[in-house]
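J.: Supplied in structure tokens, the structure appears directly below.
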Amino acid sequence: MNLIARRKDQQQETTTVRVGDVIIGGPQLVVVAGPCAIESYEQLLSTALEVKRLGATLLRGGAYKPRSSPYSFRGKGESGLEILSQVKALTGLPVVTEVMDARDIERIAEVADMFQIGSRNMQNYTLLTEVGKTKHPVLLKRGLSATLEEWIYAAEYIMSEGNDQVVLCERGIRTYETYTRNTVDISAIPALKELTNLPVVLDPSHGTGRWSLVNPVALAGIAAGADGLMIEVHPQPDQALSDGDQSLNFEHFAELMEKVGPVAKAVGREI
Ligand code: PEP
Ligand code: MN
């Protein structure tokens, strides 16, 4: 099979994906930061201003949340998108938000600069095909127990429809370990670089499930060649409506951003 995403030879450069004025896959590392879920205007705006000040260039925040339990907070939906568009206008940060249902693509595309396809939907082939028909960049998260091959084929579903703006996001896979929420597959980062020409980012928040582990694992990801990070940040993680345990507060995010620079430099990247 002649895959679109296959790296032709090891000298081939990573394809760059442009999100607003941000380029993913170039010499500069990209940090996507923000809350797991959009909870309120104040929550999103304060987070956006702070992560921007500290060097993040893309804002994340879910309006539609895939939750393991249907009784958990599942996002604010349309009113969350409204908040996202206001905060985007105010801060100038391009935004990444999850699309769970092909029926929402058009509306989400009005606000989002990049679609996120979540782990639970990595093999939702209808959704992949439909986002493939758009021109919007896509952040494709690894399925909960997906092999690299399955993940690359999922990317091909998008690309074969004509949309080559795909970024892969390692977010940990399910293993027998229970101390961490998932097990981060650091080797996936260089492996994907061997196999594909797509940019790769690491999400150590879902990867570890514990805020105290996020920063060291994030640095490991940069050292392993990731093109960027996706980090959950919340003004008050203990009050968060979702994923508070793995969310950094502003102080811990500042610590991460201080440490990213030297590690990036050591592997020939900048931030
Ligand atoms: C998220 O990014 O908030 C999320 C739900 O991630 P994942 O799909 O990796 O679980
Ligand atoms: Mn989350």
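Residue numbering restarts at 1 in every chain; chains get A, B, ... in the order shown in the structure tokens, and ligands count up from 1 in that same order.
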Would you list the residues that come within 10 Å of ligand 2? Count only C-alpha atoms and all ligand atoms and give the answer as a VMD selection string.
T.: chain A and resid 34 to 37 61 to 62 65 to 67 118 203 205 to 206 209 231 to 233 241 to 247
J.: Restrict the selected residues to N, CA and C atoms and save them as a PDB file, in the first residue's frame.
T.:
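Writing the result to selection-v8.pdb gives the following:
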```
ATOM      1  N   GLY A  34      -4.929  24.631  27.777  1.00  0.00           N
ATOM      2  CA  GLY A  34      -6.254  25.103  28.138  1.00  0.00           C
ATOM      3  C   GLY A  34      -6.970  24.033  28.923  1.00  0.00           C
ATOM      4  N   PRO A  35      -8.181  24.348  29.337  1.00  0.00           N
ATOM      5  CA  PRO A  35      -8.900  23.392  30.178  1.00  0.00           C
ATOM      6  C   PRO A  35      -9.373  22.176  29.396  1.00  0.00           C
ATOM      7  N   CYS A  36      -9.643  21.115  30.118  1.00  0.00           N
ATOM      8  CA  CYS A  36     -10.268  19.939  29.506  1.00  0.00           C
ATOM      9  C   CYS A  36     -11.586  20.392  28.882  1.00  0.00           C
ATOM     10  N   ALA A  37     -12.444  20.978  29.709  1.00  0.00           N
ATOM     11  CA  ALA A  37     -13.761  21.421  29.233  1.00  0.00           C
ATOM     12  C   ALA A  37     -13.938  22.918  29.451  1.00  0.00           C
ATOM     13  N   GLY A  61      -9.952  23.515  24.492  1.00  0.00           N
ATOM     14  CA  GLY A  61     -11.092  23.560  25.399  1.00  0.00           C
ATOM     15  C   GLY A  61     -12.241  22.818  24.745  1.00  0.00           C
ATOM     16  N   GLY A  62     -12.812  21.871  25.473  1.00  0.00           N
ATOM     17  CA  GLY A  62     -13.880  21.053  24.899  1.00  0.00           C
ATOM     18  C   GLY A  62     -15.256  21.632  25.186  1.00  0.00           C
ATOM     19  N   LYS A  65     -17.858  16.922  25.167  1.00  0.00           N
ATOM     20  CA  LYS A  65     -16.910  16.060  25.861  1.00  0.00           C
ATOM     21  C   LYS A  65     -17.340  14.601  25.824  1.00  0.00           C
ATOM     22  N   PRO A  66     -16.458  13.731  25.388  1.00  0.00           N
ATOM     23  CA  PRO A  66     -16.760  12.301  25.457  1.00  0.00           C
ATOM     24  C   PRO A  66     -16.416  11.808  26.857  1.00  0.00           C
ATOM     25  N   ARG A  67     -17.390  11.496  27.664  1.00  0.00           N
ATOM     26  CA  ARG A  67     -17.111  11.048  29.027  1.00  0.00           C
ATOM     27  C   ARG A  67     -17.446   9.570  29.166  1.00  0.00           C
ATOM     28  N   GLY A 118     -11.109  12.740  19.220  1.00  0.00           N
ATOM     29  CA  GLY A 118     -10.696  12.117  20.474  1.00  0.00           C
ATOM     30  C   GLY A 118     -10.410  10.633  20.311  1.00  0.00           C
ATOM     31  N   ASP A 203       0.327  14.467  24.560  1.00  0.00           N
ATOM     32  CA  ASP A 203      -0.599  14.916  25.601  1.00  0.00           C
ATOM     33  C   ASP A 203      -0.284  14.125  26.871  1.00  0.00           C
ATOM     34  N   SER A 205      -1.159  14.898  29.812  1.00  0.00           N
ATOM     35  CA  SER A 205      -2.235  15.050  30.792  1.00  0.00           C
ATOM     36  C   SER A 205      -3.096  13.790  30.819  1.00  0.00           C
ATOM     37  N   HIS A 206      -3.660  13.435  29.650  1.00  0.00           N
ATOM     38  CA  HIS A 206      -4.417  12.181  29.582  1.00  0.00           C
ATOM     39  C   HIS A 206      -3.475  10.980  29.673  1.00  0.00           C
ATOM     40  N   GLY A 209      -2.701  11.095  33.724  1.00  0.00           N
ATOM     41  CA  GLY A 209      -3.855  11.225  34.614  1.00  0.00           C
ATOM     42  C   GLY A 209      -3.526  11.872  35.944  1.00  0.00           C
ATOM     43  N   ILE A 231      -1.532  20.323  26.756  1.00  0.00           N
ATOM     44  CA  ILE A 231      -1.529  20.301  28.211  1.00  0.00           C
ATOM     45  C   ILE A 231      -2.850  20.840  28.756  1.00  0.00           C
ATOM     46  N   GLU A 232      -3.436  20.118  29.709  1.00  0.00           N
ATOM     47  CA  GLU A 232      -4.651  20.624  30.351  1.00  0.00           C
ATOM     48  C   GLU A 232      -4.282  21.549  31.518  1.00  0.00           C
ATOM     49  N   VAL A 233      -4.853  22.754  31.463  1.00  0.00           N
ATOM     50  CA  VAL A 233      -4.574  23.777  32.474  1.00  0.00           C
ATOM     51  C   VAL A 233      -5.911  24.331  32.964  1.00  0.00           C
ATOM     52  N   LEU A 241     -14.661  20.618  36.440  1.00  0.00           N
ATOM     53  CA  LEU A 241     -15.794  19.708  36.183  1.00  0.00           C
ATOM     54  C   LEU A 241     -15.353  18.451  35.450  1.00  0.00           C
ATOM     55  N   SER A 242     -14.143  18.483  34.869  1.00  0.00           N
ATOM     56  CA  SER A 242     -13.597  17.253  34.288  1.00  0.00           C
ATOM     57  C   SER A 242     -12.082  17.295  34.326  1.00  0.00           C
ATOM     58  N   ASP A 243     -11.507  16.142  34.582  1.00  0.00           N
ATOM     59  CA  ASP A 243     -10.059  15.942  34.529  1.00  0.00           C
ATOM     60  C   ASP A 243      -9.224  16.880  35.415  1.00  0.00           C
ATOM     61  N   GLY A 244      -9.786  17.235  36.569  1.00  0.00           N
ATOM     62  CA  GLY A 244      -9.049  18.087  37.508  1.00  0.00           C
ATOM     63  C   GLY A 244      -7.754  17.445  38.010  1.00  0.00           C
ATOM     64  N   ASP A 245      -7.772  16.134  38.197  1.00  0.00           N
ATOM     65  CA  ASP A 245      -6.602  15.446  38.759  1.00  0.00           C
ATOM     66  C   ASP A 245      -5.366  15.568  37.877  1.00  0.00           C
ATOM     67  N   GLN A 246      -5.608  15.732  36.586  1.00  0.00           N
ATOM     68  CA  GLN A 246      -4.474  15.780  35.655  1.00  0.00           C
ATOM     69  C   GLN A 246      -4.223  17.189  35.130  1.00  0.00           C
ATOM     70  N   SER A 247      -4.966  18.168  35.648  1.00  0.00           N
ATOM     71  CA  SER A 247      -4.825  19.534  35.127  1.00  0.00           C
ATOM     72  C   SER A 247      -3.786  20.305  35.924  1.00  0.00           C
TER      73      SER A 247
END
```
J.: Find the residue from A:Val217, A:Val51, A:Ala33, A:Ala102 that sits nearest to ligand 1; use only C-alpha atoms and all ligand atoms when measuring.
T.: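 Distance minimum relative to ligand 1 lands on A:Ala33.
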J.: Which residues are close to Phe250 in chain A, i.e. within 8 Å by only C-alpha atoms, leaving aside same-chain residues fewer than 2 positions away? Reply as a PDB file with all heavy atoms, in the first residue's frame.
T.:
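Result file follows (part11.pdb):
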```pdb
ATOM      1  N   THR A  47      -7.750  31.405  31.800  1.00  0.00           N
ATOM      2  CA  THR A  47      -6.776  30.383  31.409  1.00  0.00           C
ATOM      3  C   THR A  47      -6.079  30.775  30.113  1.00  0.00           C
ATOM      4  O   THR A  47      -4.851  30.671  29.997  1.00  0.00           O
ATOM      5  CB  THR A  47      -7.460  29.009  31.243  1.00  0.00           C
ATOM      6  OG1 THR A  47      -8.224  28.727  32.408  1.00  0.00           O
ATOM      7  CG2 THR A  47      -6.438  27.899  31.029  1.00  0.00           C
ATOM      8  N   GLU A  50      -3.502  33.539  30.597  1.00  0.00           N
ATOM      9  CA  GLU A  50      -2.321  33.093  31.331  1.00  0.00           C
ATOM     10  C   GLU A  50      -1.450  32.158  30.479  1.00  0.00           C
ATOM     11  O   GLU A  50      -0.226  32.316  30.438  1.00  0.00           O
ATOM     12  CB  GLU A  50      -2.767  32.404  32.632  1.00  0.00           C
ATOM     13  CG  GLU A  50      -1.648  32.061  33.571  1.00  0.00           C
ATOM     14  CD  GLU A  50      -0.889  33.264  34.139  1.00  0.00           C
ATOM     15  OE1 GLU A  50      -1.278  34.424  33.889  1.00  0.00           O
ATOM     16  OE2 GLU A  50       0.129  33.020  34.817  1.00  0.00           O
ATOM     17  N   VAL A  51      -2.060  31.210  29.795  1.00  0.00           N
ATOM     18  CA  VAL A  51      -1.228  30.294  28.994  1.00  0.00           C
ATOM     19  C   VAL A  51      -0.576  31.041  27.832  1.00  0.00           C
ATOM     20  O   VAL A  51       0.555  30.744  27.441  1.00  0.00           O
ATOM     21  CB  VAL A  51      -1.979  29.018  28.511  1.00  0.00           C
ATOM     22  CG1 VAL A  51      -2.455  28.198  29.691  1.00  0.00           C
ATOM     23  CG2 VAL A  51      -3.092  29.316  27.537  1.00  0.00           C
ATOM     24  N   VAL A 233      -4.853  22.754  31.463  1.00  0.00           N
ATOM     25  CA  VAL A 233      -4.574  23.777  32.474  1.00  0.00           C
ATOM     26  C   VAL A 233      -5.911  24.331  32.964  1.00  0.00           C
ATOM     27  O   VAL A 233      -6.813  24.580  32.156  1.00  0.00           O
ATOM     28  CB  VAL A 233      -3.735  24.931  31.865  1.00  0.00           C
ATOM     29  CG1 VAL A 233      -3.434  26.000  32.915  1.00  0.00           C
ATOM     30  CG2 VAL A 233      -2.440  24.406  31.256  1.00  0.00           C
ATOM     31  N   HIS A 234      -6.007  24.503  34.272  1.00  0.00           N
ATOM     32  CA  HIS A 234      -7.266  24.995  34.866  1.00  0.00           C
ATOM     33  C   HIS A 234      -6.919  25.976  35.982  1.00  0.00           C
ATOM     34  O   HIS A 234      -5.952  25.747  36.712  1.00  0.00           O
ATOM     35  CB  HIS A 234      -8.071  23.800  35.412  1.00  0.00           C
ATOM     36  CG  HIS A 234      -9.488  24.128  35.753  1.00  0.00           C
ATOM     37  ND1 HIS A 234      -9.843  24.830  36.885  1.00  0.00           N
ATOM     38  CD2 HIS A 234     -10.651  23.851  35.096  1.00  0.00           C
ATOM     39  CE1 HIS A 234     -11.168  24.967  36.913  1.00  0.00           C
ATOM     40  NE2 HIS A 234     -11.678  24.383  35.839  1.00  0.00           N
ATOM     41  N   PRO A 235      -7.689  27.069  36.128  1.00  0.00           N
ATOM     42  CA  PRO A 235      -7.376  28.046  37.184  1.00  0.00           C
ATOM     43  C   PRO A 235      -7.446  27.415  38.575  1.00  0.00           C
ATOM     44  O   PRO A 235      -6.698  27.803  39.471  1.00  0.00           O
ATOM     45  CB  PRO A 235      -8.442  29.128  37.034  1.00  0.00           C
ATOM     46  CG  PRO A 235      -9.238  28.811  35.825  1.00  0.00           C
ATOM     47  CD  PRO A 235      -8.847  27.455  35.308  1.00  0.00           C
ATOM     48  N   LEU A 248      -2.958  21.045  35.226  1.00  0.00           N
ATOM     49  CA  LEU A 248      -1.980  21.902  35.888  1.00  0.00           C
ATOM     50  C   LEU A 248      -2.657  23.203  36.291  1.00  0.00           C
ATOM     51  O   LEU A 248      -3.510  23.717  35.557  1.00  0.00           O
ATOM     52  CB  LEU A 248      -0.829  22.245  34.930  1.00  0.00           C
ATOM     53  CG  LEU A 248       0.005  21.090  34.379  1.00  0.00           C
ATOM     54  CD1 LEU A 248       1.164  21.650  33.549  1.00  0.00           C
ATOM     55  CD2 LEU A 248       0.538  20.203  35.500  1.00  0.00           C
ATOM     56  N   HIS A 252       2.078  25.620  38.010  1.00  0.00           N
ATOM     57  CA  HIS A 252       2.755  24.425  37.499  1.00  0.00           C
ATOM     58  C   HIS A 252       2.946  24.504  35.987  1.00  0.00           C
ATOM     59  O   HIS A 252       3.923  23.982  35.445  1.00  0.00           O
ATOM     60  CB  HIS A 252       1.985  23.156  37.900  1.00  0.00           C
ATOM     61  CG  HIS A 252       2.012  22.941  39.389  1.00  0.00           C
ATOM     62  ND1 HIS A 252       0.897  22.629  40.123  1.00  0.00           N
ATOM     63  CD2 HIS A 252       3.046  23.026  40.269  1.00  0.00           C
ATOM     64  CE1 HIS A 252       1.231  22.524  41.408  1.00  0.00           C
ATOM     65  NE2 HIS A 252       2.522  22.761  41.520  1.00  0.00           N
ATOM     66  N   PHE A 253       2.022  25.172  35.309  1.00  0.00           N
ATOM     67  CA  PHE A 253       2.201  25.358  33.869  1.00  0.00           C
ATOM     68  C   PHE A 253       3.392  26.291  33.605  1.00  0.00           C
ATOM     69  O   PHE A 253       4.186  26.061  32.686  1.00  0.00           O
ATOM     70  CB  PHE A 253       0.920  25.900  33.224  1.00  0.00           C
ATOM     71  CG  PHE A 253       1.036  26.050  31.731  1.00  0.00           C
ATOM     72  CD1 PHE A 253       1.129  24.928  30.903  1.00  0.00           C
ATOM     73  CD2 PHE A 253       1.070  27.310  31.140  1.00  0.00           C
ATOM     74  CE1 PHE A 253       1.257  25.067  29.521  1.00  0.00           C
ATOM     75  CE2 PHE A 253       1.201  27.453  29.756  1.00  0.00           C
ATOM     76  CZ  PHE A 253       1.287  26.324  28.951  1.00  0.00           C
ATOM     77  N   ALA A 254       3.533  27.299  34.441  1.00  0.00           N
ATOM     78  CA  ALA A 254       4.684  28.219  34.297  1.00  0.00           C
ATOM     79  C   ALA A 254       5.994  27.449  34.487  1.00  0.00           C
ATOM     80  O   ALA A 254       6.973  27.665  33.756  1.00  0.00           O
ATOM     81  CB  ALA A 254       4.573  29.361  35.306  1.00  0.00           C
TER      82      ALA A 254
END
```
J.: Of the residues A:Gly172, A:Gly162, A:Pro27, A:Pro94, which is the one nearest to ligand 1, using only C-alpha atoms and all ligand atoms?
T.: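 Ranking A:Gly172, A:Gly162, A:Pro27, A:Pro94 by distance to ligand 1, first place goes to A:Gly172.
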J.: Can you list, as a PyMOL selection string, every residue of range 76-208 of chain A that DSSP puts in alpha helix (DSSP H)?
T.: chain A and resi 78-91+105-111+125-132+148-159+188-195+204-208
J.: Provide the CA of Leu49 in chain A to CA of Val95 in chain A distance in Å, to one decimal place.
T.: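 It comes out at 13.0 Å.
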J.: Please give the complete set of residues from range 47-170 of chain A that DSSP, run on the backbone, assigns to strand (DSSP E), formatted as number ranges by chain.
T.: A: 58-60, 95-98, 114-117, 138-141, 166-170
J.: Put those residues in a file: C-alpha atoms, as an mmCIF file, in the first residue's frame.
T.:
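So the final result, stored in selection.cif, reads:
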```
data_model
loop_
_atom_site.group_PDB
_atom_site.id
_atom_site.type_symbol
_atom_site.label_atom_id
_atom_site.label_comp_id
_atom_site.auth_asym_id
_atom_site.auth_seq_id
_atom_site.Cartn_x
_atom_site.Cartn_y
_atom_site.Cartn_z
ATOM 1 C CA LEU A 58 -2.927 27.451 20.680
ATOM 2 C CA LEU A 59 -5.889 27.270 23.054
ATOM 3 C CA ARG A 60 -7.705 24.025 23.766
ATOM 4 C CA VAL A 95 -8.500 27.290 19.064
ATOM 5 C CA VAL A 96 -8.677 23.508 19.058
ATOM 6 C CA THR A 97 -11.882 21.764 20.109
ATOM 7 C CA GLU A 98 -13.266 18.278 19.842
ATOM 8 C CA MET A 114 -8.427 22.852 14.357
ATOM 9 C CA PHE A 115 -10.680 19.873 14.971
ATOM 10 C CA GLN A 116 -9.734 17.418 17.673
ATOM 11 C CA ILE A 117 -10.770 13.821 17.095
ATOM 12 C CA VAL A 138 -7.187 17.827 12.462
ATOM 13 C CA LEU A 139 -5.555 16.722 15.714
ATOM 14 C CA LEU A 140 -6.020 12.963 15.693
ATOM 15 C CA LYS A 141 -5.594 11.382 19.117
ATOM 16 C CA VAL A 166 -3.304 15.985 10.109
ATOM 17 C CA VAL A 167 -1.342 16.049 13.373
ATOM 18 C CA LEU A 168 -1.039 12.870 15.459
ATOM 19 C CA CYS A 169 -1.394 13.130 19.248
ATOM 20 C CA GLU A 170 0.000 10.419 21.531
#
```
J.: From the options A:Ala226, A:Leu84, A:Met257, A:Ala63, which residue's atoms come nearest to ligand 1, counting only C-alpha atoms and all ligand atoms?
T.: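 Residue with the minimum atom-to-atom distance to ligand 1: A:Ala63.
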J.: Which residue gives the smallest distance to ligand 1 among A:Leu229, A:Ile158, A:Ala48, A:Ile4, with only C-alpha atoms and all ligand atoms counted?
T.: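 Nearest to ligand 1: A:Leu229.
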J.: Name all residues at most 9 Å from Tyr125 in chain A (count only C-alpha atoms; drop same-chain ones fewer than 5 positions away) and give them as a CSV table (one decimal) with N, CA, C and O atoms, in the first residue's frame.
T.:
```csv
chain,number,residue,atom,x,y,z
A,130,GLU,N,-15.7,12.4,7.1
A,130,GLU,CA,-16.3,13.8,7.0
A,130,GLU,C,-15.4,14.9,7.3
A,130,GLU,O,-15.4,15.9,6.6
A,154,ALA,N,-6.1,5.4,10.4
A,154,ALA,CA,-7.2,6.3,10.8
A,154,ALA,C,-6.8,7.7,10.1
A,154,ALA,O,-7.7,8.4,9.6
A,157,TYR,N,-7.7,7.7,6.5
A,157,TYR,CA,-9.1,8.0,6.3
A,157,TYR,C,-9.4,9.5,6.0
A,157,TYR,O,-10.1,9.9,5.1
A,158,ILE,N,-8.7,10.3,6.8
A,158,ILE,CA,-8.8,11.8,6.7
A,158,ILE,C,-8.1,12.2,5.4
A,158,ILE,O,-8.7,12.9,4.5
```
J.: Which residues are close to Ile83 in chain A, i.e. within 9 Å by only C-alpha atoms, leaving aside same-chain residues fewer than 2 positions away? Reply as number ranges by chain.
T.: A: 38, 40-41, 44-45, 78-81, 85-88
